[in-house]
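J.: I have a structure here, written as structure tokens, and I will follow up with some questions on it.
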Amino acid sequence: EHDNAEDRTSVIPRALTVPRPLPVDEEGEGAGSPQHTSRLQSPPLPPRRRTGLRRGPMAIVVAVLLALGVGTGVWYINSGQFTKVPPLLAKTEKEARDRLATAGLDVGEVNEAFSDTVERGTVISTDPKAGARIRSHDPVALTLSKGPETVRLPDLDGYPLDKARDVLKDEGLEPGMVTREFSDGVPRGSVISTKPGKGTKVRAGSAVALTVSKGSPVDVPDVTGDDLADARAGLEEAGLKVKIAPERVNSEHDAGQVARQNPGEGRQVAEGDTVTLTLSKGPEMVEVPDVVGDSVDDARSRLEGAGFRVKEDRGLLGLFGDTVRSQSVDGGDTAPRGSTITIEIR
């Protein structure tokens with residue numbers, strides 16, 4: 001039994017329950033009575049050693065540097081490797097190159113184009129445009145001004161007006177105001193001259209004024225009172241065209257004769273211009289007032305007020321008279337308006 005007890009103690013290293021002597025009580029039972037046992041404590045284990053690094057100032061510095069490195073990398077990826085194209089409009093090529101170099105950019109292709117507003121040799125535009133975000137050292141293309149585009153004005157003398165306008169448009173110019181003048185040497189409707197003159201260099205898109213021939217000048221003959229056939233022949237012989245007005249008017253001329261014309265006698269027009277003729281439908285008939293017995297002044301006033309002309313016939317005995325003795329058209333009869341009424345005075 002004792003041996004078995006030793007084997008058991010070898011299996012349980014920390015706590016072993018073994019009998020121990022107890023003090024003898026008054027009944028004489030010994031302290032080693034098997035009815036009493038006690039728990040033996042094994043010696044305490046040594047404390048564990050910490051294998052991790054102790055936090056301190058060095059660890060904080062490392063963490064800060066690591067965070068700064070990560071932040072710098074993110075910034076470079078998102079923004080640090082990009083820059084903005086500087087504004088270069090109206091800068092010379094050298095100034096543009098210097099600005100791009102300062103911004104960390106390269107100069108790409110350099111082109112030229114005409115410009116009416118940007119001075120020759122300065123920047124019109126860039127590609128990419130000013131303010132665009134691009135990678136550092138990327139190229140920026142420049143377009144430089146060649147100044148305004150100019151065109152040498154062609155010789156249009158003698159060209160028909162429509163043809164001259166077409167030529168101007170083909171040359172990149174605009175037909176301007178047209179002025180017409182008489183010309184003995186340039187056919188009607190053809191160009192006499194231009195302003196600016198032929199051979200002048202002008203900006204593309206400029207307007208060119210044209211002076212166009214009205215043909216040779218013609219003095220308009222007077223055909224009022226003529227029959228229509230005679231009037232037409234006289235006007236056409238002078239190099240003019242004839243147009244007949246649709247309405248007819250009363251006039252002192254007989255029906256069918258020319259009552260009036262436009263332009264009138266003595267006016268100067270171009271060869272081939274048109275003269276409009278208005279024909280008469282005969283005089284307007286007006287009732288003649290009866291002025292026999294009236295004084296001369298009263299008779300003249302009444303007759304002229306009715307639209308007639310007045311002629312006085314005094315004879316030898318009527319030099320000092322003042323009373324109308326008779327009239328060439330009796331009172332109450334009709335006569336053409338504008339015709340002459342003769343009054344006899346006694």
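Here's how to read the names in the structure tokens: chain A, B, ... by the order shown, residue numbers from 1 in each chain, ligand numbers from 1 in the order shown.
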Name the residues of range 63-297 of chain A that come out as strand (DSSP E) in a backbone DSSP run; write them as a count of residues only.
T.: 76
J.: Show me, as a Markdown table, the residues of range 164-206 of chain A having an atom within 10 Å of range 139-148 of chain A, each with the closest atom pair and its distance in Å, using only C-alpha atoms.
T.:
| residue | atom | partner | partner_atom | distance |
| --- | --- | --- | --- | --- |
| A:Val202 | CA | A:Pro148 | CA | 9.4 |
| A:Arg203 | CA | A:Pro148 | CA | 6.4 |
| A:Ala204 | CA | A:Pro148 | CA | 7.7 |
J.: Just the selected residues (all heavy atoms), exported as a PDB file, in the first residue's frame, please.
T.:
ATOM      1  N   VAL A 202      -6.452  94.131 -98.865  1.00  0.00           N
ATOM      2  CA  VAL A 202      -7.444  94.390 -97.821  1.00  0.00           C
ATOM      3  C   VAL A 202      -7.614  93.136 -96.988  1.00  0.00           C
ATOM      4  O   VAL A 202      -7.218  92.035 -97.384  1.00  0.00           O
ATOM      5  CB  VAL A 202      -8.810  94.797 -98.436  1.00  0.00           C
ATOM      6  CG1 VAL A 202      -8.687  96.117 -99.170  1.00  0.00           C
ATOM      7  CG2 VAL A 202      -9.324  93.717 -99.370  1.00  0.00           C
ATOM      8  N   ARG A 203      -8.195  93.278 -95.809  1.00  0.00           N
ATOM      9  CA  ARG A 203      -8.446  92.130 -94.947  1.00  0.00           C
ATOM     10  C   ARG A 203      -9.529  91.236 -95.541  1.00  0.00           C
ATOM     11  O   ARG A 203     -10.493  91.721 -96.130  1.00  0.00           O
ATOM     12  CB  ARG A 203      -8.891  92.591 -93.560  1.00  0.00           C
ATOM     13  CG  ARG A 203      -7.774  93.185 -92.724  1.00  0.00           C
ATOM     14  CD  ARG A 203      -8.234  93.408 -91.296  1.00  0.00           C
ATOM     15  NE  ARG A 203      -7.153  93.894 -90.466  1.00  0.00           N
ATOM     16  CZ  ARG A 203      -7.235  94.059 -89.155  1.00  0.00           C
ATOM     17  NH1 ARG A 203      -8.388  93.787 -88.543  1.00  0.00           N
ATOM     18  NH2 ARG A 203      -6.210  94.487 -88.455  1.00  0.00           N
ATOM     19  N   ALA A 204      -9.357  89.952 -95.371  1.00  0.00           N
ATOM     20  CA  ALA A 204     -10.385  89.016 -95.819  1.00  0.00           C
ATOM     21  C   ALA A 204     -11.701  89.335 -95.124  1.00  0.00           C
ATOM     22  O   ALA A 204     -11.730  89.648 -93.931  1.00  0.00           O
ATOM     23  CB  ALA A 204      -9.964  87.581 -95.508  1.00  0.00           C
TER      24      ALA A 204
END
J.: Give me the residues near range 268-273 of chain A as a list in words, where near means some atom within 9 Å (using only C-alpha atoms) and where sequence neighbours in that chain fewer than 2 positions away do not count.
T.: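 Selected residues are Glu181, Phe182, Ser183, Arg188, Lys214, Gly215, Ser216, Pro217, Val218, Asp219, Val220, Glu236, Ala238, Gly239, Leu240, Lys241, Val242, Pro263, Glu265, Gly266 and Val275 of chain A.
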J.: Write the residues of the preceding selection, restricted to all heavy atoms, as a short mmCIF file (atom, residue, chain, number, x, y, z; two decimals), in the first residue's frame.
T.:
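Output (out-v2.cif):
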data_model
loop_
_atom_site.label_atom_id
_atom_site.label_comp_id
_atom_site.auth_asym_id
_atom_site.auth_seq_id
_atom_site.Cartn_x
_atom_site.Cartn_y
_atom_site.Cartn_z
N GLU A 181 -23.52 105.68 -111.78
CA GLU A 181 -23.11 106.92 -112.44
C GLU A 181 -23.25 106.77 -113.95
O GLU A 181 -23.21 105.65 -114.47
CB GLU A 181 -21.65 107.25 -112.09
CG GLU A 181 -21.41 107.59 -110.63
CD GLU A 181 -19.95 107.93 -110.38
OE1 GLU A 181 -19.14 107.84 -111.35
OE2 GLU A 181 -19.61 108.27 -109.23
N PHE A 182 -23.37 107.92 -114.62
CA PHE A 182 -23.39 107.91 -116.08
C PHE A 182 -21.99 107.57 -116.61
O PHE A 182 -20.98 107.94 -116.02
CB PHE A 182 -23.83 109.26 -116.64
CG PHE A 182 -25.25 109.60 -116.33
CD1 PHE A 182 -25.57 110.69 -115.54
CD2 PHE A 182 -26.28 108.84 -116.85
CE1 PHE A 182 -26.89 111.01 -115.27
CE2 PHE A 182 -27.61 109.15 -116.59
CZ PHE A 182 -27.90 110.24 -115.79
N SER A 183 -21.97 106.88 -117.71
CA SER A 183 -20.69 106.57 -118.35
C SER A 183 -20.91 106.36 -119.83
O SER A 183 -21.79 105.59 -120.24
CB SER A 183 -20.07 105.31 -117.73
OG SER A 183 -18.90 104.93 -118.44
N ARG A 188 -24.11 99.92 -119.65
CA ARG A 188 -25.07 100.01 -118.53
C ARG A 188 -25.05 98.70 -117.72
O ARG A 188 -25.10 97.60 -118.27
CB ARG A 188 -26.46 100.25 -119.09
CG ARG A 188 -27.56 100.32 -118.04
CD ARG A 188 -28.90 100.45 -118.76
NE ARG A 188 -30.00 100.49 -117.81
CZ ARG A 188 -30.48 101.61 -117.27
NH1 ARG A 188 -29.96 102.78 -117.60
NH2 ARG A 188 -31.49 101.58 -116.42
N LYS A 214 -24.61 103.68 -115.38
CA LYS A 214 -26.01 103.85 -115.76
C LYS A 214 -26.14 104.00 -117.26
O LYS A 214 -27.24 104.21 -117.78
CB LYS A 214 -26.59 105.10 -115.08
CG LYS A 214 -26.68 104.99 -113.58
CD LYS A 214 -27.63 106.02 -113.00
CE LYS A 214 -27.15 107.43 -113.19
NZ LYS A 214 -28.07 108.42 -112.54
N GLY A 215 -25.00 103.90 -117.95
CA GLY A 215 -25.03 104.09 -119.39
C GLY A 215 -24.82 105.56 -119.74
O GLY A 215 -24.57 106.41 -118.89
N SER A 216 -24.94 105.89 -121.04
CA SER A 216 -24.76 107.27 -121.49
C SER A 216 -25.93 108.14 -121.04
O SER A 216 -27.08 107.68 -121.00
CB SER A 216 -24.65 107.31 -123.02
OG SER A 216 -23.56 106.53 -123.45
N PRO A 217 -25.69 109.42 -120.71
CA PRO A 217 -26.79 110.30 -120.28
C PRO A 217 -27.65 110.71 -121.46
O PRO A 217 -27.18 110.89 -122.59
CB PRO A 217 -26.05 111.49 -119.69
CG PRO A 217 -24.73 111.51 -120.37
CD PRO A 217 -24.37 110.08 -120.63
N VAL A 218 -28.96 110.88 -121.20
CA VAL A 218 -29.93 111.26 -122.24
C VAL A 218 -30.82 112.36 -121.69
O VAL A 218 -31.31 112.27 -120.56
CB VAL A 218 -30.80 110.05 -122.66
CG1 VAL A 218 -31.88 110.49 -123.65
CG2 VAL A 218 -29.94 108.96 -123.24
N ASP A 219 -31.01 113.43 -122.49
CA ASP A 219 -31.96 114.48 -122.13
C ASP A 219 -33.36 114.05 -122.57
O ASP A 219 -33.58 113.72 -123.75
CB ASP A 219 -31.58 115.80 -122.81
CG ASP A 219 -30.27 116.37 -122.27
OD1 ASP A 219 -30.00 116.16 -121.06
OD2 ASP A 219 -29.52 116.98 -123.04
N VAL A 220 -34.30 114.11 -121.64
CA VAL A 220 -35.66 113.65 -121.93
C VAL A 220 -36.39 114.70 -122.78
O VAL A 220 -36.49 115.87 -122.40
CB VAL A 220 -36.45 113.40 -120.63
CG1 VAL A 220 -37.87 112.94 -120.94
CG2 VAL A 220 -35.73 112.36 -119.78
N GLU A 236 -38.18 106.55 -127.90
CA GLU A 236 -37.35 105.40 -128.26
C GLU A 236 -36.17 105.82 -129.13
O GLU A 236 -35.08 105.24 -129.04
CB GLU A 236 -38.21 104.35 -128.96
CG GLU A 236 -39.19 103.66 -128.01
CD GLU A 236 -40.06 102.64 -128.71
OE1 GLU A 236 -40.06 102.63 -129.98
OE2 GLU A 236 -40.76 101.87 -128.03
N ALA A 238 -34.55 108.44 -128.71
CA ALA A 238 -33.56 109.00 -127.78
C ALA A 238 -32.89 107.93 -126.92
O ALA A 238 -32.04 108.25 -126.08
CB ALA A 238 -34.24 110.02 -126.88
N GLY A 239 -33.26 106.65 -127.14
CA GLY A 239 -32.65 105.57 -126.37
C GLY A 239 -33.37 105.26 -125.08
O GLY A 239 -32.78 104.67 -124.15
N LEU A 240 -34.64 105.66 -125.01
CA LEU A 240 -35.41 105.45 -123.79
C LEU A 240 -36.54 104.45 -124.02
O LEU A 240 -36.95 104.22 -125.16
CB LEU A 240 -35.99 106.79 -123.30
CG LEU A 240 -34.96 107.88 -123.02
CD1 LEU A 240 -35.65 109.21 -122.73
CD2 LEU A 240 -34.06 107.48 -121.86
N LYS A 241 -37.02 103.88 -122.93
CA LYS A 241 -38.15 102.97 -123.00
C LYS A 241 -39.42 103.71 -122.59
O LYS A 241 -39.36 104.73 -121.89
CB LYS A 241 -37.93 101.77 -122.07
CG LYS A 241 -36.74 100.92 -122.47
CD LYS A 241 -36.54 99.78 -121.48
CE LYS A 241 -35.32 98.95 -121.85
NZ LYS A 241 -35.08 97.84 -120.89
N VAL A 242 -40.57 103.19 -123.02
CA VAL A 242 -41.85 103.86 -122.77
C VAL A 242 -42.76 102.93 -121.97
O VAL A 242 -42.89 101.74 -122.28
CB VAL A 242 -42.54 104.27 -124.08
CG1 VAL A 242 -43.91 104.88 -123.80
CG2 VAL A 242 -41.66 105.24 -124.86
N PRO A 263 -39.91 110.85 -116.20
CA PRO A 263 -39.44 112.20 -115.89
C PRO A 263 -39.89 113.22 -116.94
O PRO A 263 -40.19 112.87 -118.07
CB PRO A 263 -37.91 112.05 -115.89
CG PRO A 263 -37.64 110.59 -115.81
CD PRO A 263 -38.80 109.92 -116.46
N GLU A 265 -39.72 117.03 -119.11
CA GLU A 265 -38.85 117.64 -120.11
C GLU A 265 -37.58 118.20 -119.47
O GLU A 265 -37.62 118.83 -118.41
CB GLU A 265 -39.60 118.75 -120.84
CG GLU A 265 -38.76 119.50 -121.86
CD GLU A 265 -39.46 120.73 -122.39
OE1 GLU A 265 -40.53 121.09 -121.86
OE2 GLU A 265 -38.93 121.34 -123.35
N GLY A 266 -36.42 117.97 -120.13
CA GLY A 266 -35.17 118.54 -119.67
C GLY A 266 -34.43 117.71 -118.64
O GLY A 266 -33.25 117.97 -118.36
N VAL A 275 -39.50 106.11 -119.40
CA VAL A 275 -40.33 107.30 -119.20
C VAL A 275 -41.79 106.84 -119.18
O VAL A 275 -42.25 106.15 -120.10
CB VAL A 275 -40.11 108.33 -120.33
CG1 VAL A 275 -41.06 109.53 -120.14
CG2 VAL A 275 -38.66 108.78 -120.37
#
J.: Might you pull out every residue within 12 Å of Ser328 in chain A, with only C-alpha atoms counted and same-chain residues fewer than 5 positions away left off, and present them as a PyMOL selection string?
T.: chain A and resi 288-292+303+309-313+333-335+339-345
J.: Quick one: write out the picked residues with N, CA, C and O atoms as a CSV table (one decimal), in the first residue's frame?
T.:
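Saved the output as selection.csv:
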chain,number,residue,atom,x,y,z
A,288,VAL,N,-70.0,127.5,-117.3
A,288,VAL,CA,-69.4,128.9,-117.3
A,288,VAL,C,-70.4,129.8,-116.6
A,288,VAL,O,-71.6,129.9,-116.9
A,289,PRO,N,-69.9,130.6,-115.7
A,289,PRO,CA,-70.7,131.6,-115.0
A,289,PRO,C,-71.2,132.7,-116.0
A,289,PRO,O,-70.5,133.1,-116.9
A,290,ASP,N,-72.3,133.3,-115.7
A,290,ASP,CA,-72.9,134.4,-116.5
A,290,ASP,C,-72.4,135.7,-115.9
A,290,ASP,O,-72.8,136.0,-114.8
A,291,VAL,N,-71.5,136.4,-116.6
A,291,VAL,CA,-70.9,137.6,-116.0
A,291,VAL,C,-71.3,138.9,-116.8
A,291,VAL,O,-70.7,140.0,-116.6
A,292,VAL,N,-72.2,138.8,-117.7
A,292,VAL,CA,-72.6,140.0,-118.5
A,292,VAL,C,-73.3,141.0,-117.5
A,292,VAL,O,-74.1,140.6,-116.7
A,303,LEU,N,-64.9,134.0,-113.2
A,303,LEU,CA,-64.5,133.1,-114.2
A,303,LEU,C,-63.2,132.3,-113.8
A,303,LEU,O,-63.1,131.1,-114.0
A,309,ARG,N,-59.4,130.7,-117.8
A,309,ARG,CA,-58.6,131.9,-118.1
A,309,ARG,C,-59.4,133.0,-118.7
A,309,ARG,O,-60.4,132.7,-119.4
A,310,VAL,N,-59.1,134.2,-118.5
A,310,VAL,CA,-59.9,135.4,-118.9
A,310,VAL,C,-59.1,136.3,-119.8
A,310,VAL,O,-58.0,136.6,-119.6
A,311,LYS,N,-59.8,136.7,-120.9
A,311,LYS,CA,-59.2,137.6,-121.9
A,311,LYS,C,-60.2,138.8,-122.0
A,311,LYS,O,-61.4,138.6,-122.2
A,312,GLU,N,-59.6,140.0,-122.0
A,312,GLU,CA,-60.5,141.2,-122.1
A,312,GLU,C,-60.5,141.8,-123.5
A,312,GLU,O,-59.4,141.9,-124.1
A,313,ASP,N,-61.6,142.1,-124.1
A,313,ASP,CA,-61.7,142.8,-125.4
A,313,ASP,C,-62.4,144.1,-125.2
A,313,ASP,O,-63.6,144.2,-125.0
A,333,ASP,N,-73.6,127.6,-120.2
A,333,ASP,CA,-73.0,126.5,-121.1
A,333,ASP,C,-71.7,125.9,-120.4
A,333,ASP,O,-71.2,126.5,-119.4
A,334,THR,N,-71.2,124.9,-121.0
A,334,THR,CA,-70.0,124.2,-120.4
A,334,THR,C,-68.8,124.5,-121.4
A,334,THR,O,-69.0,124.6,-122.6
A,335,ALA,N,-67.7,124.5,-120.8
A,335,ALA,CA,-66.4,124.6,-121.5
A,335,ALA,C,-65.3,123.9,-120.8
A,335,ALA,O,-65.4,123.6,-119.6
A,339,SER,N,-59.8,126.4,-120.2
A,339,SER,CA,-59.9,127.1,-121.5
A,339,SER,C,-60.1,128.6,-121.2
A,339,SER,O,-60.3,129.0,-120.1
A,340,THR,N,-60.0,129.4,-122.3
A,340,THR,CA,-60.1,130.8,-122.2
A,340,THR,C,-61.5,131.4,-122.5
A,340,THR,O,-62.0,131.0,-123.6
A,341,ILE,N,-62.0,132.2,-121.6
A,341,ILE,CA,-63.3,132.9,-121.9
A,341,ILE,C,-63.0,134.4,-122.2
A,341,ILE,O,-62.3,135.1,-121.3
A,342,THR,N,-63.4,134.9,-123.3
A,342,THR,CA,-63.2,136.3,-123.7
A,342,THR,C,-64.4,137.1,-123.3
A,342,THR,O,-65.5,136.7,-123.6
A,343,ILE,N,-64.1,138.3,-122.6
A,343,ILE,CA,-65.2,139.2,-122.2
A,343,ILE,C,-65.1,140.5,-123.0
A,343,ILE,O,-64.0,141.0,-123.1
A,344,GLU,N,-66.2,141.0,-123.5
A,344,GLU,CA,-66.2,142.3,-124.2
A,344,GLU,C,-66.7,143.4,-123.2
A,344,GLU,O,-67.7,143.2,-122.6
A,345,ILE,N,-65.9,144.5,-123.2
A,345,ILE,CA,-66.2,145.5,-122.2
A,345,ILE,C,-66.6,146.8,-123.0
A,345,ILE,O,-66.0,147.2,-124.0
